[in-house]
Amino acid sequence: MRILIQGGTIVNEGQTFYGSILIEDEKIIHIIKGTHAPEASYDKVIDASGCFVLPGIIDDHVHFREPGLTEKADIDTESRAAAAGGVTTYFDMPNTVPQTTTLEALEEKFALAAEKSHVNYSFFFGATNDNYPLFGEIDKRRVPGIKLFMGSSTGNMLVDRQEALEQIFATSALPIMAHCEDTGIINRRMAEAKAKYGDDPKVSHHPEIRSEEACYESTRLAVELAKKHQARLHVAHLTTAKELELFEPKRSAAFPRITAEATVSHLYFCDRDYHTLGTRIKCNPAIKTEHDREALRLALNDGRIAVIGTDHAPHLLAQKEGGCAKAASGMPMIQFSLVTMLELVDQGVLTLERLVELMCHHPAQLFEVRNRGFLREGYQADIVIIRPNKGWTVTKDMIQSRCGWSPMEGHMYLWQVEYTLCNGHTVYQQGRVDANYIGQPVVFR
């Protein structure tokens with residue numbers, strides 16, 4: 001199968017140029033700069049005139065809910081949403097039912113994805129207070145890292161014993177991706193809020209309960225442990241300006257051993273949006289102030305934020321009813337993550353070249369993904385084609401996620417994903433997902 005993508009503006013590795021891409025079967029075999037594509041016989045020609053051609057997005061942080069929570073979402077529906085959003089690779093989190101804290105549960109997830117995932121996939125292994133002896137048995141070529149909940153979580157996935165934390169940071173040869181919130185501070189703030197506002201305080205109080213202090217103290221501890229044990233630490237979803245003080249700008253081609261992620265939601269929303277969107281934007285850690293959002297946006301450009309993910313976390317709307325105590329935390333964002341960040345490009349928050357670094361190149365580099373994340377000859381043909389200046393509005397009928405809603409409903413975008421190619425296969429084309437296609441397991445290191 002020979003495919004030619006011609007006539008588009010290619011954005012890759014800090015360069016933007018007019019050109020064409022030749023794909024043979026699953027791989028990119030030639031990138032041609034300039035207006036003239038090679039004359040040859042092709043099985044398919046994709047006209048990318050007026051469009052930008054990027055590497056497929058790698059989302060390092062999703063919750064696809066399978067197994068055990070499939071009333072909300074599953075690998076089939078959420079990978080459809082990924083494809084529709086230009087995301088060609090995702091790393092799923094371990095707080096499912098059963099939790100991905102045993103080798104058997106990890107294998108079950110890979111088996112499910114091999115039948116149901118329409119884009120490329122891998123799964124984090126979850127840390128508990130006592131399962132760190134298993135870390136040495138994990139195949140490093142198949143798994144991006146260890147997920148550590150240093151804050152409120154479900155079941156036994158909250159790691160809150162100092163001895164266990166020391167062992168996890170001392171023994172993990174894989175990157176540790178940490179959710180950092182201090183449970184003691186959260187519990188104290190919740191008790192104070194309930195005493196003042198009642199049993200279920202309004203969602204506008206969520207950032208007061210899951211506060212700057214709760215985030216900073218837990219992130220500070222994670223950074224200290226990583227430095228002490230020379231561990232590779234990646235802190236998930238930073239939300240505060242104060243936490244950014246713990247991270248250094250990227251000063252060379254190599255990444256520091258301690259890095260951070262920001263999510264699309266924390267980069268786009270701020271606490272003023274609770275008044276219009278309510279619990280639809282309730283997530284953990286909480287969306288904070290406009291000042292915090294602006295600090296995160298600035299950190300996209302100096303290297304303190306290394307990766308943009310989504311923390312895509314669907315719930316049924318019925319589960320989002322209530323306030324701080326009762327409404328579920330999390331929102332579906334993967335289908336609209338790229339176009340939302342492109343809106344920030346239009347606002348001058350970051351350049352398109354920087355967006356590609358943060359959403360494609362850096363996730364591949366940080367987690368040592370083989371042959372993905374870049375438009376390079378010999379790499380897998382994971383490609384997204386986007387068209388600017390094409391206004392459209394998010395409607396309920398176009399949402400791919402099983403939960404059937406989005407905080408972006410009614411929002412008008414000026415960029416549109418036109419094609420998503422996964423391993424050279426057109427998995428999404430102008431509103432249609434190819435539900436027959438199955439992606440590949442990611443290979444690392």
# chains A, B, ... in the order shown; residues from 1 in each chain; ligands from 1
>>> select_by_dssp(residues="stretch 126-236 of chain A", states="strand (DSSP E or B)", output="VMD selection string")
chain A and resid 126 146 to 150 158 176 to 180 233 to 235
>>> write_last_selection(atoms="all heavy atoms", output="mmCIF file, in the first residue's frame")
data_model
loop_
_atom_site.group_PDB
_atom_site.id
_atom_site.type_symbol
_atom_site.label_atom_id
_atom_site.label_comp_id
_atom_site.auth_asym_id
_atom_site.auth_seq_id
_atom_site.Cartn_x
_atom_site.Cartn_y
_atom_site.Cartn_z
ATOM 1 N N GLY A 126 0.226 0.196 38.043
ATOM 2 C CA GLY A 126 -0.094 0.981 39.214
ATOM 3 C C GLY A 126 0.663 0.547 40.454
ATOM 4 O O GLY A 126 0.780 -0.651 40.741
ATOM 5 N N ILE A 146 5.485 3.554 35.855
ATOM 6 C CA ILE A 146 4.726 3.241 37.060
ATOM 7 C C ILE A 146 3.865 4.447 37.409
ATOM 8 O O ILE A 146 4.360 5.571 37.468
ATOM 9 C CB ILE A 146 5.665 2.936 38.238
ATOM 10 C CG1 ILE A 146 6.635 1.796 37.901
ATOM 11 C CG2 ILE A 146 4.866 2.629 39.497
ATOM 12 C CD1 ILE A 146 5.987 0.464 37.642
ATOM 13 N N LYS A 147 2.569 4.223 37.637
ATOM 14 C CA LYS A 147 1.692 5.319 38.068
ATOM 15 C C LYS A 147 1.559 5.273 39.585
ATOM 16 O O LYS A 147 1.189 4.250 40.168
ATOM 17 C CB LYS A 147 0.313 5.223 37.423
ATOM 18 C CG LYS A 147 -0.659 6.336 37.860
ATOM 19 C CD LYS A 147 -0.125 7.722 37.486
ATOM 20 C CE LYS A 147 -1.034 8.842 37.985
ATOM 21 N NZ LYS A 147 -2.288 8.938 37.247
ATOM 22 N N LEU A 148 1.850 6.405 40.219
ATOM 23 C CA LEU A 148 1.848 6.513 41.666
ATOM 24 C C LEU A 148 0.848 7.580 42.086
ATOM 25 O O LEU A 148 0.961 8.741 41.679
ATOM 26 C CB LEU A 148 3.249 6.887 42.162
ATOM 27 C CG LEU A 148 3.409 7.255 43.630
ATOM 28 C CD1 LEU A 148 3.048 6.082 44.531
ATOM 29 C CD2 LEU A 148 4.840 7.726 43.902
ATOM 30 N N PHE A 149 -0.159 7.187 42.879
ATOM 31 C CA PHE A 149 -1.123 8.140 43.407
ATOM 32 C C PHE A 149 -0.668 8.581 44.791
ATOM 33 O O PHE A 149 -0.888 7.893 45.779
ATOM 34 C CB PHE A 149 -2.521 7.516 43.479
ATOM 35 C CG PHE A 149 -3.183 7.359 42.138
ATOM 36 C CD1 PHE A 149 -3.048 6.192 41.412
ATOM 37 C CD2 PHE A 149 -3.944 8.389 41.598
ATOM 38 C CE1 PHE A 149 -3.657 6.038 40.177
ATOM 39 C CE2 PHE A 149 -4.559 8.256 40.359
ATOM 40 C CZ PHE A 149 -4.413 7.072 39.643
ATOM 41 N N MET A 150 -0.031 9.746 44.860
ATOM 42 C CA MET A 150 0.348 10.351 46.141
ATOM 43 C C MET A 150 -0.746 11.331 46.555
ATOM 44 O O MET A 150 -0.525 12.505 46.804
ATOM 45 C CB MET A 150 1.694 11.065 46.012
ATOM 46 C CG MET A 150 2.854 10.126 45.776
ATOM 47 S SD MET A 150 4.440 10.993 45.561
ATOM 48 C CE MET A 150 4.648 11.780 47.149
ATOM 49 N N LEU A 158 -3.981 4.488 46.787
ATOM 50 C CA LEU A 158 -3.371 5.612 47.488
ATOM 51 C C LEU A 158 -2.143 5.101 48.242
ATOM 52 O O LEU A 158 -2.259 4.286 49.151
ATOM 53 C CB LEU A 158 -4.359 6.238 48.467
ATOM 54 C CG LEU A 158 -3.773 7.251 49.458
ATOM 55 C CD1 LEU A 158 -3.113 8.406 48.730
ATOM 56 C CD2 LEU A 158 -4.854 7.745 50.408
ATOM 57 N N ILE A 176 8.459 7.117 36.941
ATOM 58 C CA ILE A 176 7.342 7.170 37.880
ATOM 59 C C ILE A 176 6.499 8.392 37.528
ATOM 60 O O ILE A 176 6.988 9.519 37.556
ATOM 61 C CB ILE A 176 7.842 7.280 39.332
ATOM 62 C CG1 ILE A 176 8.675 6.051 39.713
ATOM 63 C CG2 ILE A 176 6.669 7.457 40.294
ATOM 64 C CD1 ILE A 176 9.458 6.230 41.001
ATOM 65 N N MET A 177 5.246 8.148 37.173
ATOM 66 C CA MET A 177 4.328 9.255 36.895
ATOM 67 C C MET A 177 3.435 9.428 38.119
ATOM 68 O O MET A 177 2.679 8.523 38.478
ATOM 69 C CB MET A 177 3.485 8.990 35.657
ATOM 70 C CG MET A 177 2.638 10.178 35.216
ATOM 71 S SD MET A 177 1.891 9.862 33.609
ATOM 72 C CE MET A 177 1.141 11.444 33.246
ATOM 73 N N ALA A 178 3.530 10.566 38.778
ATOM 74 C CA ALA A 178 2.894 10.747 40.076
ATOM 75 C C ALA A 178 1.746 11.745 40.028
ATOM 76 O O ALA A 178 1.876 12.831 39.456
ATOM 77 C CB ALA A 178 3.927 11.209 41.102
ATOM 78 N N HIS A 179 0.624 11.334 40.618
ATOM 79 C CA HIS A 179 -0.479 12.245 40.931
ATOM 80 C C HIS A 179 -0.195 12.774 42.328
ATOM 81 O O HIS A 179 -0.175 12.009 43.293
ATOM 82 C CB HIS A 179 -1.805 11.480 40.887
ATOM 83 C CG HIS A 179 -3.001 12.287 41.298
ATOM 84 N ND1 HIS A 179 -4.168 12.288 40.566
ATOM 85 C CD2 HIS A 179 -3.237 13.107 42.355
ATOM 86 C CE1 HIS A 179 -5.053 13.070 41.154
ATOM 87 N NE2 HIS A 179 -4.502 13.583 42.252
ATOM 88 N N CYS A 180 0.002 14.076 42.447
ATOM 89 C CA CYS A 180 0.477 14.647 43.707
ATOM 90 C C CYS A 180 -0.556 15.572 44.336
ATOM 91 O O CYS A 180 -0.774 16.704 43.878
ATOM 92 C CB CYS A 180 1.775 15.418 43.467
ATOM 93 S SG CYS A 180 3.171 14.387 42.966
ATOM 94 N N LEU A 233 11.275 10.905 37.531
ATOM 95 C CA LEU A 233 9.955 11.328 37.984
ATOM 96 C C LEU A 233 9.295 12.224 36.943
ATOM 97 O O LEU A 233 9.912 13.163 36.438
ATOM 98 C CB LEU A 233 10.072 12.091 39.308
ATOM 99 C CG LEU A 233 8.793 12.771 39.825
ATOM 100 C CD1 LEU A 233 7.725 11.747 40.174
ATOM 101 C CD2 LEU A 233 9.111 13.664 41.028
ATOM 102 N N HIS A 234 8.036 11.930 36.668
ATOM 103 C CA HIS A 234 7.207 12.768 35.791
ATOM 104 C C HIS A 234 5.936 13.090 36.566
ATOM 105 O O HIS A 234 5.143 12.200 36.865
ATOM 106 C CB HIS A 234 6.886 11.999 34.504
ATOM 107 C CG HIS A 234 6.166 12.797 33.466
ATOM 108 N ND1 HIS A 234 6.657 13.981 32.948
ATOM 109 C CD2 HIS A 234 4.984 12.570 32.829
ATOM 110 C CE1 HIS A 234 5.819 14.444 32.031
ATOM 111 N NE2 HIS A 234 4.794 13.613 31.939
ATOM 112 N N VAL A 235 5.764 14.347 36.947
ATOM 113 C CA VAL A 235 4.619 14.747 37.760
ATOM 114 C C VAL A 235 3.446 15.078 36.846
ATOM 115 O O VAL A 235 3.556 15.923 35.957
ATOM 116 C CB VAL A 235 4.956 15.941 38.666
ATOM 117 C CG1 VAL A 235 3.735 16.342 39.496
ATOM 118 C CG2 VAL A 235 6.121 15.589 39.592
#
>>> residues_around(residues="A:Pro175", least_positions_apart="4", cutoff="10 Å", atoms="only C-alpha atoms", output="list in words")
Phe124, Val143, Pro144, Gly145, Ile146, Lys147, Phe169, Ala231, Arg232, Leu233, His234, Arg257, Ile258, Leu366 and Phe367 of chain A
>>> write_last_selection(atoms="N, CA and C atoms", output="mmCIF file, in the first residue's frame")
data_model
loop_
_atom_site.group_PDB
_atom_site.id
_atom_site.type_symbol
_atom_site.label_atom_id
_atom_site.label_comp_id
_atom_site.auth_asym_id
_atom_site.auth_seq_id
_atom_site.Cartn_x
_atom_site.Cartn_y
_atom_site.Cartn_z
ATOM 1 N N PHE A 124 0.005 2.037 31.929
ATOM 2 C CA PHE A 124 0.829 2.196 33.127
ATOM 3 C C PHE A 124 0.531 1.071 34.105
ATOM 4 N N VAL A 143 5.713 -1.146 28.580
ATOM 5 C CA VAL A 143 5.032 -0.291 29.561
ATOM 6 C C VAL A 143 5.771 1.042 29.684
ATOM 7 N N PRO A 144 5.041 2.175 29.668
ATOM 8 C CA PRO A 144 5.721 3.470 29.773
ATOM 9 C C PRO A 144 6.287 3.765 31.146
ATOM 10 N N GLY A 145 5.622 3.266 32.214
ATOM 11 C CA GLY A 145 6.101 3.610 33.537
ATOM 12 C C GLY A 145 5.200 3.095 34.641
ATOM 13 N N ILE A 146 5.485 3.554 35.855
ATOM 14 C CA ILE A 146 4.726 3.241 37.060
ATOM 15 C C ILE A 146 3.865 4.447 37.409
ATOM 16 N N LYS A 147 2.569 4.223 37.637
ATOM 17 C CA LYS A 147 1.692 5.319 38.068
ATOM 18 C C LYS A 147 1.559 5.273 39.585
ATOM 19 N N PHE A 169 10.399 4.670 44.930
ATOM 20 C CA PHE A 169 11.382 5.534 44.280
ATOM 21 C C PHE A 169 12.759 4.865 44.206
ATOM 22 N N ALA A 231 15.684 8.802 40.990
ATOM 23 C CA ALA A 231 14.609 8.196 40.206
ATOM 24 C C ALA A 231 14.194 9.126 39.069
ATOM 25 N N ARG A 232 13.584 8.541 38.057
ATOM 26 C CA ARG A 232 13.033 9.302 36.943
ATOM 27 C C ARG A 232 11.570 9.624 37.275
ATOM 28 N N LEU A 233 11.275 10.905 37.531
ATOM 29 C CA LEU A 233 9.955 11.328 37.984
ATOM 30 C C LEU A 233 9.295 12.224 36.943
ATOM 31 N N HIS A 234 8.036 11.930 36.668
ATOM 32 C CA HIS A 234 7.207 12.768 35.791
ATOM 33 C C HIS A 234 5.936 13.090 36.566
ATOM 34 N N ARG A 257 15.886 14.754 34.908
ATOM 35 C CA ARG A 257 15.282 13.518 35.407
ATOM 36 C C ARG A 257 13.934 13.759 36.087
ATOM 37 N N ILE A 258 13.618 15.011 36.356
ATOM 38 C CA ILE A 258 12.337 15.352 36.965
ATOM 39 C C ILE A 258 11.603 16.301 36.022
ATOM 40 N N LEU A 366 10.445 11.382 26.244
ATOM 41 C CA LEU A 366 10.450 11.157 27.686
ATOM 42 C C LEU A 366 10.220 9.692 28.047
ATOM 43 N N PHE A 367 9.326 9.047 27.309
ATOM 44 C CA PHE A 367 9.011 7.656 27.613
ATOM 45 C C PHE A 367 9.736 6.675 26.694
#
>>> closest_residue(among="A:Lys140, A:Lys250, A:His312, A:Lys228", to="A:Ser401", atoms="only C-alpha atoms")
A:His312
>>> residues_around(residues="A:Glu294", least_positions_apart="5", cutoff="9 Å", atoms="only C-alpha atoms", output="PyMOL selection string")
chain A and resi 241+267+289+299
>>> closest_residue(among="A:Ser252, A:Asn12, A:Thr276, A:Thr259", to="A:Ala306", atoms="only C-alpha atoms")
A:Thr259
>>> closest_atom_pairs(of="stretch 283-365 of chain A", to="stretch 209-226 of chain A", cutoff="8 Å", atoms="only C-alpha atoms", output="CSV")
residue,atom,partner,partner_atom,distance
A:Asn284,CA,A:Arg210,CA,7.5
A:Pro285,CA,A:Arg210,CA,6.3
A:Ala286,CA,A:Arg210,CA,6.0
>>> write_last_selection(atoms="N, CA, C and O atoms", output="PDB file, in the first residue's frame")
ATOM      1  N   ASN A 284      -9.628  16.346  39.411  1.00  0.00           N
ATOM      2  CA  ASN A 284      -8.598  16.293  40.454  1.00  0.00           C
ATOM      3  C   ASN A 284      -7.220  16.162  39.799  1.00  0.00           C
ATOM      4  O   ASN A 284      -7.022  15.225  39.020  1.00  0.00           O
ATOM      5  N   PRO A 285      -6.291  17.069  40.108  1.00  0.00           N
ATOM      6  CA  PRO A 285      -6.418  18.238  40.961  1.00  0.00           C
ATOM      7  C   PRO A 285      -7.386  19.264  40.349  1.00  0.00           C
ATOM      8  O   PRO A 285      -7.624  19.263  39.138  1.00  0.00           O
ATOM      9  N   ALA A 286      -7.889  20.142  41.190  1.00  0.00           N
ATOM     10  CA  ALA A 286      -8.886  21.109  40.747  1.00  0.00           C
ATOM     11  C   ALA A 286      -8.296  22.136  39.800  1.00  0.00           C
ATOM     12  O   ALA A 286      -7.115  22.491  39.887  1.00  0.00           O
TER      13      ALA A 286
END
>>> select_by_dssp(residues="stretch 167-412 of chain A", states="helix (DSSP H, G or I)", output="JSON, numbers by chain")
{"A": [167, 168, 169, 170, 171, 183, 184, 185, 186, 187, 188, 189, 190, 191, 192, 193, 194, 195, 196, 197, 203, 204, 205, 206, 207, 208, 209, 212, 213, 214, 215, 216, 217, 218, 219, 220, 221, 222, 223, 224, 225, 226, 227, 228, 229, 241, 242, 243, 244, 264, 265, 266, 267, 268, 271, 272, 273, 274, 275, 276, 277, 278, 279, 280, 281, 290, 291, 292, 293, 294, 295, 296, 297, 298, 299, 300, 301, 302, 317, 318, 319, 320, 334, 335, 336, 337, 338, 339, 340, 341, 342, 343, 344, 345, 346, 352, 353, 354, 355, 356, 357, 358, 359, 360, 361, 362, 363, 364, 365, 366, 396, 397, 398]}
>>> atom_distance(atom1="atom CA of A:Met1", atom2="atom CA of A:Val442")
22.0 Å
>>> residues_around(residues="stretch 301-304 of chain A", least_positions_apart="3", cutoff="8 Å", atoms="only C-alpha atoms", output="tab-separated table (two decimals) with all heavy atoms, in the first residue's frame")
chain	number	residue	atom	x	y	z
A	244	LEU	N	5.38	25.10	40.07
A	244	LEU	CA	6.35	25.32	39.00
A	244	LEU	C	7.72	25.72	39.55
A	244	LEU	O	8.73	25.54	38.87
A	244	LEU	CB	5.84	26.38	38.03
A	244	LEU	CG	4.70	25.94	37.10
A	244	LEU	CD1	4.07	27.14	36.43
A	244	LEU	CD2	5.21	24.94	36.05
A	247	PHE	N	10.50	23.00	39.46
A	247	PHE	CA	10.98	22.45	38.20
A	247	PHE	C	11.91	23.42	37.50
A	247	PHE	O	11.73	24.64	37.59
A	247	PHE	CB	9.79	22.10	37.29
A	247	PHE	CG	8.91	21.04	37.89
A	247	PHE	CD1	7.90	21.39	38.77
A	247	PHE	CD2	9.13	19.70	37.60
A	247	PHE	CE1	7.10	20.42	39.35
A	247	PHE	CE2	8.34	18.72	38.18
A	247	PHE	CZ	7.32	19.08	39.06
A	248	GLU	N	12.89	22.85	36.83
A	248	GLU	CA	13.88	23.66	36.13
A	248	GLU	C	13.54	23.74	34.64
A	248	GLU	O	13.04	22.77	34.07
A	248	GLU	CB	15.27	23.05	36.29
A	248	GLU	CG	15.78	23.03	37.72
A	248	GLU	CD	17.16	22.42	37.82
A	248	GLU	OE1	17.70	22.03	36.77
A	248	GLU	OE2	17.69	22.32	38.94
A	249	PRO	N	13.83	24.87	34.02
A	249	PRO	CA	13.68	24.94	32.57
A	249	PRO	C	14.59	23.94	31.87
A	249	PRO	O	15.65	23.58	32.39
A	249	PRO	CB	14.09	26.38	32.23
A	249	PRO	CG	13.92	27.13	33.52
A	249	PRO	CD	14.24	26.15	34.60
A	250	LYS	N	14.15	23.48	30.72
A	250	LYS	CA	14.96	22.57	29.91
A	250	LYS	C	16.05	23.40	29.23
A	250	LYS	O	15.76	24.32	28.46
A	250	LYS	CB	14.09	21.88	28.87
A	250	LYS	CG	14.80	20.86	28.01
A	250	LYS	CD	13.77	20.15	27.12
A	250	LYS	CE	14.43	19.11	26.23
A	250	LYS	NZ	15.20	19.73	25.14
A	251	ARG	N	17.32	23.07	29.51
A	251	ARG	CA	18.43	23.89	29.01
A	251	ARG	C	19.27	23.20	27.95
A	251	ARG	O	20.22	23.78	27.44
A	251	ARG	CB	19.33	24.29	30.19
A	251	ARG	CG	18.66	25.21	31.20
A	251	ARG	CD	19.64	25.71	32.23
A	251	ARG	NE	19.04	26.69	33.13
A	251	ARG	CZ	18.47	26.41	34.28
A	251	ARG	NH1	18.43	25.14	34.70
A	251	ARG	NH2	17.95	27.35	35.05
A	259	THR	N	10.45	15.84	35.51
A	259	THR	CA	9.70	16.61	34.51
A	259	THR	C	8.24	16.72	34.94
A	259	THR	O	7.81	16.09	35.90
A	259	THR	CB	9.79	15.95	33.13
A	259	THR	OG1	9.36	14.58	33.23
A	259	THR	CG2	11.21	16.00	32.59
A	260	ALA	N	7.49	17.53	34.19
A	260	ALA	CA	6.09	17.77	34.55
A	260	ALA	C	5.21	17.81	33.32
A	260	ALA	O	5.63	18.18	32.23
A	260	ALA	CB	5.97	19.08	35.32
A	297	ARG	N	0.74	28.39	31.35
A	297	ARG	CA	0.92	28.72	29.92
A	297	ARG	C	2.33	29.24	29.65
A	297	ARG	O	2.95	28.87	28.64
A	297	ARG	CB	-0.14	29.75	29.51
A	297	ARG	CG	-1.55	29.19	29.45
A	297	ARG	CD	-2.55	30.26	29.03
A	297	ARG	NE	-3.89	29.72	28.83
A	297	ARG	CZ	-4.92	30.43	28.35
A	297	ARG	NH1	-4.77	31.71	28.06
A	297	ARG	NH2	-6.10	29.85	28.18
A	298	LEU	N	2.83	30.08	30.53
A	298	LEU	CA	4.20	30.58	30.35
A	298	LEU	C	5.21	29.44	30.42
A	298	LEU	O	6.21	29.43	29.69
A	298	LEU	CB	4.51	31.64	31.42
A	298	LEU	CG	3.83	33.00	31.27
A	298	LEU	CD1	4.08	33.86	32.50
A	298	LEU	CD2	4.31	33.71	30.00
A	350	LEU	N	1.38	29.84	22.51
A	350	LEU	CA	2.53	29.07	22.05
A	350	LEU	C	2.46	28.97	20.55
A	350	LEU	O	1.42	29.27	19.94
A	350	LEU	CB	2.57	27.67	22.69
A	350	LEU	CG	1.56	26.60	22.24
A	350	LEU	CD1	1.96	25.24	22.81
A	350	LEU	CD2	0.13	26.92	22.64
A	354	ARG	N	5.93	24.63	18.76
A	354	ARG	CA	6.05	24.24	20.16
A	354	ARG	C	4.95	23.25	20.55
A	354	ARG	O	5.19	22.32	21.33
A	354	ARG	CB	5.97	25.49	21.04
A	354	ARG	CG	6.20	25.22	22.52
A	354	ARG	CD	7.59	24.67	22.80
A	354	ARG	NE	7.83	24.51	24.23
A	354	ARG	CZ	8.82	23.79	24.73
A	354	ARG	NH1	9.66	23.16	23.92
A	354	ARG	NH2	8.99	23.71	26.03
>>> residues_around(residues="A:Glu137", least_positions_apart="6", cutoff="12 Å", atoms="only C-alpha atoms", output="PyMOL selection string")
chain A and resi 102-104+106+125+131+143+171-174
>>> write_last_selection(atoms="N, CA and C atoms", output="mmCIF file, in the first residue's frame")
data_model
loop_
_atom_site.group_PDB
_atom_site.id
_atom_site.type_symbol
_atom_site.label_atom_id
_atom_site.label_comp_id
_atom_site.auth_asym_id
_atom_site.auth_seq_id
_atom_site.Cartn_x
_atom_site.Cartn_y
_atom_site.Cartn_z
ATOM 1 N N THR A 102 -1.339 -5.799 39.183
ATOM 2 C CA THR A 102 -0.748 -7.131 39.086
ATOM 3 C C THR A 102 -0.374 -7.378 37.644
ATOM 4 N N LEU A 103 0.527 -8.307 37.414
ATOM 5 C CA LEU A 103 0.924 -8.623 36.044
ATOM 6 C C LEU A 103 -0.243 -9.222 35.269
ATOM 7 N N GLU A 104 -1.108 -9.964 35.955
ATOM 8 C CA GLU A 104 -2.266 -10.566 35.294
ATOM 9 C C GLU A 104 -3.241 -9.497 34.811
ATOM 10 N N LEU A 106 -2.489 -6.424 34.077
ATOM 11 C CA LEU A 106 -1.821 -5.732 32.972
ATOM 12 C C LEU A 106 -2.010 -6.495 31.674
ATOM 13 N N PHE A 125 1.558 0.676 34.846
ATOM 14 C CA PHE A 125 1.406 -0.266 35.946
ATOM 15 C C PHE A 125 1.227 0.538 37.223
ATOM 16 N N ASN A 131 3.181 -3.513 46.402
ATOM 17 C CA ASN A 131 3.447 -4.319 45.197
ATOM 18 C C ASN A 131 4.753 -3.975 44.487
ATOM 19 N N VAL A 143 5.713 -1.146 28.580
ATOM 20 C CA VAL A 143 5.032 -0.291 29.561
ATOM 21 C C VAL A 143 5.771 1.042 29.684
ATOM 22 N N THR A 171 13.308 1.517 43.885
ATOM 23 C CA THR A 171 13.353 0.264 43.119
ATOM 24 C C THR A 171 12.871 0.385 41.675
ATOM 25 N N SER A 172 12.154 1.435 41.321
ATOM 26 C CA SER A 172 11.602 1.514 39.973
ATOM 27 C C SER A 172 12.670 1.919 38.955
ATOM 28 N N ALA A 173 12.913 1.036 38.002
ATOM 29 C CA ALA A 173 13.785 1.371 36.883
ATOM 30 C C ALA A 173 13.010 2.074 35.774
ATOM 31 N N LEU A 174 11.695 2.071 35.883
ATOM 32 C CA LEU A 174 10.832 2.758 34.931
ATOM 33 C C LEU A 174 10.523 4.166 35.421
#
